[in-house]
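Next up, query.cif (mmCIF, C-alpha atoms):
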```cif
data_model
#
loop_
_atom_site.label_atom_id
_atom_site.label_comp_id
_atom_site.auth_asym_id
_atom_site.auth_seq_id
_atom_site.Cartn_x
_atom_site.Cartn_y
_atom_site.Cartn_z
CA MET A 158 135.29 181.83 -156.15
CA GLU A 159 138.36 183.16 -154.36
CA GLN A 160 139.28 185.29 -157.37
CA ARG A 161 135.79 186.80 -157.41
CA LEU A 162 135.97 187.64 -153.71
CA PHE A 163 139.42 189.19 -154.13
CA LEU A 164 138.22 191.32 -157.04
CA VAL A 165 135.15 192.45 -155.06
CA ALA A 166 137.39 193.34 -152.10
CA CYS A 167 139.67 195.40 -154.36
CA ILE A 168 136.70 197.25 -155.89
CA MET A 169 135.20 198.11 -152.51
CA TYR A 170 138.58 199.12 -151.11
CA ALA A 171 139.15 201.43 -154.08
CA PHE A 172 135.66 202.89 -153.58
CA SER A 173 136.37 203.51 -149.89
CA LEU A 174 139.67 205.26 -150.67
CA GLY A 175 138.05 207.28 -153.45
CA THR A 176 135.27 208.42 -151.14
CA ARG A 177 137.69 209.65 -148.51
CA PHE A 178 139.67 211.52 -151.14
CA LEU A 179 136.58 213.19 -152.63
CA LYS A 180 135.28 214.12 -149.19
CA LYS A 181 138.59 215.65 -148.23
CA LYS A 182 138.57 217.74 -151.41
CA GLY A 183 134.99 218.85 -150.78
CA LYS A 184 133.68 217.21 -153.94
CA LEU A 185 130.63 215.65 -152.25
CA SER A 186 129.19 218.75 -150.64
CA THR A 187 126.33 219.47 -153.06
CA PRO A 188 123.08 217.45 -153.13
CA LYS A 189 123.70 216.48 -156.78
CA THR A 190 127.24 215.16 -156.27
CA PHE A 191 126.32 213.40 -153.04
CA GLY A 192 123.32 211.78 -154.74
CA GLY A 193 125.55 210.56 -157.57
CA TRP A 194 128.05 209.16 -155.09
CA HIS A 195 125.36 207.31 -153.09
CA ALA A 196 123.81 205.92 -156.28
CA SER A 197 127.26 204.71 -157.40
CA PHE A 198 127.75 202.97 -154.07
CA LEU A 199 124.44 201.13 -154.32
CA PHE A 200 125.05 200.04 -157.90
CA ILE A 201 128.60 198.86 -157.17
CA ILE A 202 127.82 196.91 -154.00
CA LEU A 203 124.73 195.27 -155.50
CA GLY A 204 126.66 194.48 -158.67
CA CYS A 205 129.42 192.87 -156.60
CA ALA A 206 126.82 190.83 -154.71
CA ALA A 207 125.32 189.61 -158.00
CA TYR A 208 128.82 188.76 -159.29
CA VAL A 209 129.45 186.49 -156.29
CA LEU A 210 125.93 185.04 -156.27
CA ALA A 211 126.26 184.11 -159.95
CA PHE A 212 128.96 181.63 -158.94
CA VAL A 213 127.05 180.33 -155.91
CA MET A 214 123.82 179.88 -157.90
CA GLY A 215 125.81 178.00 -160.52
CA GLY A 216 126.53 175.32 -157.92
CA GLY A 217 130.01 176.54 -157.07
CA THR A 218 131.43 174.78 -160.13
CA GLY A 219 131.75 177.65 -162.55
CA GLU A 220 128.47 176.82 -164.26
CA PRO A 221 127.39 179.95 -166.16
CA ILE A 222 124.23 181.63 -164.93
CA GLY A 223 121.44 182.39 -167.38
CA THR A 224 121.30 185.69 -169.26
CA GLY A 225 117.83 186.39 -167.88
CA LYS A 226 119.08 186.27 -164.30
CA ILE A 227 122.03 188.51 -165.16
CA VAL A 228 119.70 191.08 -166.74
CA LEU A 229 117.35 190.86 -163.75
CA GLY A 230 120.23 191.48 -161.34
CA ALA A 231 121.43 194.48 -163.37
CA VAL A 232 117.92 195.95 -163.47
CA ILE A 233 117.50 195.58 -159.71
CA ALA A 234 120.87 197.24 -159.07
CA LEU A 235 120.01 200.09 -161.45
CA VAL A 236 116.56 200.68 -159.92
CA CYS A 237 118.04 200.77 -156.41
CA ALA A 238 120.75 203.17 -157.60
CA VAL A 239 118.20 205.57 -159.15
CA TYR A 240 116.05 205.43 -156.01
CA GLY A 241 119.13 206.06 -153.86
CA TYR A 242 120.12 209.03 -156.00
CA TYR A 243 116.86 210.90 -155.48
CA LYS A 244 116.69 209.94 -151.81
CA ALA A 245 120.22 211.21 -151.19
CA ARG A 246 119.60 214.48 -153.07
CA LYS A 247 116.63 215.32 -150.89
CA ALA A 248 118.31 214.40 -147.61
CA GLU A 249 119.28 217.05 -145.07
CA PRO A 250 123.04 217.61 -144.43
CA LYS A 251 122.88 215.71 -141.15
CA LYS A 252 121.08 212.82 -142.82
CA GLN A 253 123.63 212.85 -145.65
CA GLU A 254 126.42 212.50 -143.12
CA GLN A 255 124.69 209.50 -141.58
CA MET A 256 124.17 207.93 -145.01
CA MET A 257 127.83 208.41 -145.90
CA LYS A 258 128.95 206.88 -142.63
CA ALA A 259 126.69 203.86 -143.15
CA ASP A 260 127.84 203.42 -146.75
CA LEU A 261 131.50 203.56 -145.75
CA GLU A 262 130.92 201.05 -142.98
CA TRP A 263 129.35 198.66 -145.47
CA SER A 264 132.20 199.26 -147.89
CA ASN A 265 134.82 198.60 -145.21
CA THR A 266 133.03 195.47 -144.02
CA VAL A 267 132.77 194.04 -147.53
CA TYR A 268 136.38 194.66 -148.51
CA PHE A 269 137.72 193.34 -145.19
CA ALA A 270 135.55 190.21 -145.40
CA GLY A 271 136.49 189.79 -149.07
CA PHE A 272 140.23 189.99 -148.41
CA VAL A 273 140.06 187.57 -145.47
CA SER A 274 137.81 185.10 -147.30
CA SER A 275 139.86 185.15 -150.49
CA PHE A 276 143.07 184.65 -148.48
CA VAL A 277 141.61 181.58 -146.75
CA MET A 278 140.25 180.21 -150.03
CA PHE A 279 143.45 180.89 -151.97
CA PHE A 280 145.62 179.01 -149.48
CA PHE A 281 143.61 176.76 -147.18
CA ILE A 282 139.96 175.76 -147.67
CA GLN A 283 137.34 176.17 -150.36
CA ALA A 284 133.68 175.20 -150.31
CA PHE A 285 132.35 173.04 -153.13
CA LYS A 286 128.97 171.56 -154.05
CA ILE A 287 128.60 168.23 -155.88
CA PRO A 288 126.68 168.98 -159.09
CA SER A 289 126.24 165.51 -160.62
CA ALA A 290 126.06 161.77 -159.97
CA SER A 291 129.54 160.96 -161.30
CA MET A 292 130.97 160.27 -157.80
CA ARG A 293 127.95 158.44 -156.42
CA TYR A 294 127.84 157.00 -153.78
CA THR A 295 131.01 158.40 -152.28
CA LEU A 296 129.65 161.87 -152.98
CA VAL A 297 126.08 162.47 -154.11
CA GLU A 298 124.34 165.38 -155.78
CA GLY A 299 123.84 168.23 -153.34
CA ASP A 300 126.66 167.28 -150.97
CA HIS A 301 128.49 170.35 -149.70
CA LEU A 302 132.12 169.76 -148.92
CA PHE A 303 135.35 171.49 -148.02
CA VAL A 304 138.38 171.17 -150.28
CA ASN A 305 141.79 171.12 -148.60
CA LYS A 306 143.82 173.44 -150.82
CA ALA A 307 146.97 173.17 -148.71
CA ALA A 308 147.25 169.39 -148.99
CA TYR A 309 149.26 169.42 -152.22
CA GLY A 310 151.08 172.66 -151.48
CA PHE A 311 150.23 176.35 -151.25
CA ARG A 312 149.77 178.02 -154.62
CA ILE A 313 150.80 181.63 -155.10
CA PRO A 314 147.64 183.44 -156.30
CA PHE A 315 147.28 183.95 -160.07
CA THR A 316 150.31 181.71 -160.75
CA ASN A 317 151.03 177.98 -160.99
CA ILE A 318 153.87 178.18 -158.45
CA ARG A 319 153.42 175.92 -155.41
CA PHE A 320 155.39 175.42 -152.22
CA GLY A 321 155.16 173.56 -148.93
CA GLU A 322 153.53 170.28 -150.02
CA PHE A 323 152.11 168.33 -147.07
CA GLU A 324 151.46 165.24 -149.18
CA GLU A 325 151.85 164.03 -152.73
CA ILE A 326 149.02 163.21 -155.09
CA LYS A 327 148.50 159.47 -155.21
CA PRO A 328 146.10 156.94 -156.75
CA GLY A 329 142.81 156.87 -154.86
CA ASP A 330 142.84 160.56 -153.91
CA ILE A 331 139.64 162.49 -154.66
CA ILE A 332 140.68 165.77 -156.24
CA VAL A 333 138.88 168.97 -157.22
CA PHE A 334 140.23 170.64 -160.33
CA ARG A 335 139.47 173.18 -163.01
CA PHE A 336 138.41 171.46 -166.22
CA PRO A 337 141.33 171.28 -168.68
CA ALA A 338 139.95 173.51 -171.42
CA LYS A 339 141.68 176.68 -172.62
CA ASP A 340 139.00 177.56 -175.15
CA ARG A 341 135.34 178.27 -174.41
CA LYS A 342 134.47 176.66 -177.75
CA GLN A 343 135.94 173.29 -176.74
CA GLN A 344 133.18 170.70 -176.57
CA ASN A 345 133.30 167.70 -174.23
CA CYS A 346 130.60 165.36 -172.97
CA GLY A 347 127.88 167.18 -174.87
CA GLY A 348 128.84 170.80 -174.21
CA SER A 349 131.41 173.34 -173.10
CA GLN A 350 132.99 172.57 -169.72
CA TYR A 351 135.27 175.62 -169.80
CA GLY A 352 135.93 177.17 -166.38
CA LYS A 353 133.99 174.54 -164.43
CA ASP A 354 135.29 172.73 -161.37
CA PHE A 355 135.22 168.92 -161.45
CA VAL A 356 135.67 166.32 -158.72
CA LYS A 357 137.08 162.88 -159.58
CA ARG A 358 139.30 160.13 -158.17
CA VAL A 359 142.93 159.74 -159.28
CA ILE A 360 143.40 156.41 -161.07
CA ALA A 361 146.85 156.69 -162.65
CA MET A 362 150.00 158.75 -162.25
CA PRO A 363 152.36 160.45 -164.73
CA GLY A 364 154.07 157.85 -166.90
CA ASP A 365 151.47 155.11 -166.26
CA MET A 366 149.90 153.27 -169.18
CA VAL A 367 146.10 153.10 -168.94
CA ARG A 368 143.47 150.96 -170.61
CA VAL A 369 139.78 150.47 -169.90
CA ILE A 370 138.52 146.98 -170.77
CA ASN A 371 134.86 146.10 -170.29
CA GLY A 372 134.52 149.30 -168.25
CA ARG A 373 137.29 148.31 -165.82
CA PRO A 374 140.56 150.31 -165.53
CA TRP A 375 143.90 148.63 -166.22
CA VAL A 376 147.15 150.36 -165.24
CA ASN A 377 150.54 149.20 -166.52
CA GLY A 378 149.09 145.96 -167.84
CA LYS A 379 147.22 144.94 -164.67
CA GLU A 380 143.55 145.25 -163.86
CA LEU A 381 143.04 147.37 -160.77
CA PRO A 382 141.35 145.51 -157.89
CA GLN A 383 137.70 146.53 -157.62
CA GLN A 384 137.08 148.81 -154.66
CA PRO A 385 133.91 149.14 -152.54
CA TYR A 386 133.34 152.69 -153.74
CA GLU A 387 133.13 151.72 -157.43
CA VAL A 388 129.63 151.63 -158.96
CA TYR A 389 128.84 149.77 -162.20
CA GLU A 390 125.57 149.18 -164.00
CA ASN A 391 124.42 145.88 -165.40
CA VAL A 392 124.70 146.84 -169.06
CA GLU A 393 125.96 145.23 -172.23
CA ARG A 394 129.62 146.12 -172.72
CA THR A 395 131.38 147.18 -175.91
CA PRO A 396 134.25 144.73 -176.61
CA TYR A 397 137.72 146.13 -176.18
CA PHE A 398 139.36 147.22 -179.39
CA GLU A 399 142.86 148.67 -179.70
CA GLU A 400 143.30 151.34 -182.37
CA GLU A 401 146.03 150.67 -184.93
CA ASP A 402 147.40 154.23 -184.96
CA GLN A 403 148.21 154.54 -181.27
CA ALA A 404 150.28 157.70 -181.72
CA GLN A 405 147.32 159.53 -183.24
CA TYR A 406 145.02 158.11 -180.55
CA GLN A 407 147.37 159.42 -177.83
CA LYS A 408 147.62 162.83 -179.51
CA ILE A 409 143.86 163.31 -179.82
CA TRP A 410 143.38 162.18 -176.21
CA GLN A 411 146.01 164.62 -174.90
CA GLU A 412 144.32 167.40 -176.87
CA HIS A 413 141.08 166.66 -174.96
CA GLN A 414 139.14 165.76 -178.10
CA LEU A 415 138.84 161.96 -178.03
CA ASP A 416 135.17 161.90 -177.01
CA ASN A 417 134.29 163.92 -180.11
CA TYR A 418 135.52 161.00 -182.21
CA LEU A 419 134.52 157.92 -180.21
CA GLY A 420 131.81 159.15 -177.80
CA LEU A 421 130.18 156.67 -175.43
CA TYR A 422 132.31 153.87 -176.88
CA LEU A 423 135.07 155.09 -174.51
CA ARG A 424 133.05 154.10 -171.45
CA ASP A 425 133.91 150.41 -171.95
CA SER A 426 136.86 150.41 -174.33
CA PHE A 427 139.69 152.88 -173.97
CA GLY A 428 143.42 153.09 -174.58
CA PRO A 429 146.16 152.31 -174.30
CA VAL A 430 147.46 155.79 -173.49
CA THR A 431 150.44 156.94 -171.47
CA VAL A 432 149.70 159.62 -168.89
CA PRO A 433 152.00 162.56 -169.75
CA GLU A 434 154.40 163.99 -167.21
CA GLY A 435 152.78 166.60 -164.98
CA THR A 436 149.28 165.17 -165.50
CA TYR A 437 146.96 162.59 -163.94
CA PHE A 438 144.25 160.18 -165.08
CA ALA A 439 141.00 160.61 -163.14
CA MET A 440 137.66 158.78 -163.15
CA GLY A 441 134.35 159.10 -161.32
CA ASP A 442 133.33 156.38 -158.86
CA ASN A 443 130.04 155.98 -160.75
CA ARG A 444 132.05 154.52 -163.61
CA ASP A 445 129.26 154.15 -166.18
CA ASN A 446 127.94 157.69 -165.62
CA SER A 447 131.04 159.81 -165.40
CA CYS A 448 132.49 162.38 -167.78
CA ASP A 449 136.16 161.82 -166.97
CA SER A 450 139.68 161.29 -168.35
CA ARG A 451 138.49 158.54 -170.66
CA PHE A 452 136.58 161.14 -172.62
CA TRP A 453 138.48 164.42 -172.27
CA GLY A 454 142.05 163.53 -171.42
CA PRO A 455 144.57 164.01 -168.62
CA VAL A 456 144.30 166.45 -165.70
CA PRO A 457 147.25 168.91 -165.62
CA ARG A 458 148.88 169.37 -162.22
CA GLU A 459 148.33 173.14 -162.36
CA ASN A 460 144.56 172.63 -162.70
CA ILE A 461 144.27 170.72 -159.43
CA LYS A 462 142.87 172.96 -156.70
CA GLY A 463 143.04 170.57 -153.79
CA LYS A 464 141.90 167.38 -152.12
CA ALA A 465 138.26 166.67 -151.24
CA TRP A 466 138.33 166.73 -147.46
CA PHE A 467 135.09 166.92 -145.48
CA VAL A 468 131.33 166.80 -146.19
CA HIS A 469 129.61 169.39 -143.99
CA TRP A 470 126.08 169.32 -145.43
CA PRO A 471 123.50 167.75 -145.30
CA LEU A 472 123.75 166.86 -141.65
CA ASN A 473 123.05 163.15 -142.15
CA ARG A 474 126.07 162.87 -144.48
CA ILE A 475 128.68 164.74 -142.41
CA ARG A 476 131.96 162.80 -142.60
CA TRP A 477 135.60 162.81 -143.65
CA ILE A 478 136.05 161.89 -147.30
CA LYS A 479 138.04 158.79 -148.21
#
```

Rewrite the structure of this file - the entire thing - as structure tokens.
Amino acid sequence: MEQRLFLVACIMYAFSLGTRFLKKKGKLSTPKTFGGWHASFLFIILGCAAYVLAFVMGGGTGEPIGTGKIVLGAVIALVCAVYGYYKARKAEPKKQEQMMKADLEWSNTVYFAGFVSSFVMFFFIQAFKIPSASMRYTLVEGDHLFVNKAAYGFRIPFTNIRFGEFEEIKPGDIIVFRFPAKDRKQQNCGGSQYGKDFVKRVIAMPGDMVRVINGRPWVNGKELPQQPYEVYENVERTPYFEEEDQAQYQKIWQEHQLDNYLGLYLRDSFGPVTVPEGTYFAMGDNRDNSCDSRFWGPVPRENIKGKAWFVHWPLNRIRWIK
């Protein structure tokens, strides 16, 4: 989201600078050129609004919006631009001046708000909406929360460089991260998860050995004590079975492809694997209904956006997240 806001701010800032340059050179003095400029403004600002709304309407998780809605948004922006063109062409000089002033004010407001918002979201806080039941009942579908992006260190925008860590990632932390897929064609848990944001709980650290036996996580040869936030269903469990070729098992898991070979079997019987350096093993609290590291592999450190911090909506669920 922060990258979208930053891009929108840059576009509107460039438009504002371009307008001042064209006005100074007298390039917007005729009805035709002024009409084209006003139509361009309407199309750009409405297109930017649709670009941001596409993310919001996707739940704030990177879920792609349908082609039909994209086409509808483009048509609305185009119709408004055409209407604005003819309205601006027919306007009197005084009215044109008022229209230009209003358009520039909108442009300045949008780029200023975009730069401020993206700065805050790059370094400090990001809003996130829970899209599924994988963290129930700690976090339920529809919960709106703030993610503390400074907790694990400030990240320089568009890089993986971090500095100023306030705390280290540890088992039990609820993290928000970009799904570890570099290819849109990668299939996990029934579809492409490329570009989506996930929220899970850290179970194991770099270098830890992880197994799942009868649905329960084991780390370094010991079963983890069951916590109050864990949810399990009363279902028949697949017996634990250790693959003979553990090196191949580890390789496929690290390549985020294990679920394509073993599927739902991994819910109850998984591992052993060793969590690679610079990565983490994460699971959902709703253990039997979670698409997590059992299925698609480790979470790289650079993919982690921050720590789930505070639920701010709905009102009856406002609380700090633990």

Could you give me, as a list in words, the residues within 8 Å of A:Leu423, counting all atoms listed in the file and dropping anything in the same chain fewer than 5 positions from it?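 Once the adjacent positions are removed, what remains is Asp416, Arg451 and Phe452 of chain A.
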
Export, as a compact mmCIF listing (two decimals), in the coordinates of the input, the selected residues with C-alpha atoms.
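What landed in out_5.txt:
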```txt
# COMPACT_ATOMS: atom_id res chain seq x y z
CA ASP A 416 135.17 161.90 -177.01
CA ARG A 451 138.49 158.54 -170.66
CA PHE A 452 136.58 161.14 -172.62
```

Proximity check stretch 382-408 of chain A to stretch 361-374 of chain A, 12 Å, nearest pairs one decimal Å, only C-alpha atoms, as a tab-separated table:
```
residue	atom	partner	partner_atom	distance
A:Pro382	CA	A:Pro374	CA	9.1
A:Gln383	CA	A:Arg373	CA	8.4
A:Gln384	CA	A:Arg373	CA	11.2
A:Glu387	CA	A:Arg373	CA	10.0
A:Val388	CA	A:Gly372	CA	10.8
A:Tyr389	CA	A:Gly372	CA	8.3
A:Glu390	CA	A:Gly372	CA	9.9
A:Asn391	CA	A:Gly372	CA	11.0
A:Val392	CA	A:Gly372	CA	10.2
A:Glu393	CA	A:Asn371	CA	9.2
A:Arg394	CA	A:Asn371	CA	5.8
A:Thr395	CA	A:Asn371	CA	6.7
A:Pro396	CA	A:Asn371	CA	6.5
A:Tyr397	CA	A:Ile370	CA	5.5
A:Phe398	CA	A:Ile370	CA	8.7
A:Glu399	CA	A:Arg368	CA	9.4
A:Glu400	CA	A:Arg368	CA	11.8
A:Gln407	CA	A:Met366	CA	10.9
```

Of the candidates A:Phe320, A:Phe315, A:Phe303, A:Phe427, which one gets nearest to A:Leu415 if we count all atoms listed in the file? A:Phe427

The residue from A:Val267, A:Leu203, A:Ala290, A:Val456 with the smallest atom-to-atom distance to A:Gln411, counting all atoms listed in the file, is A:Val456

Excluding A:Tyr294 and its own-chain neighbours fewer than 4 positions away, which residues fall within 12 Å of it when counting all atoms listed in the file? Please give them as a PyMOL selection string. chain A and resi 287+289-290+298-300+385-389+441-444+446+474+478-479

A:Met169: which residues within 12 Å, counting all atoms listed in the file, same-chain residues fewer than 3 positions away excluded, as a ChimeraX atom specification? /A:162-166,172-176,197-206,260-272

Which of A:Leu472, A:Leu302, A:Ile168, A:Ala196 sits closest to A:Tyr240 [using all atoms listed in the file]: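 For A:Tyr240, the nearest of the candidates is A:Ala196.
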
Could you expand the PyMOL selection byres ((chain A and resi 243) around 10) into the explicit residues it covers here, written as number ranges by chain? A: 188-189, 192-193, 195-196, 238-242, 244-248
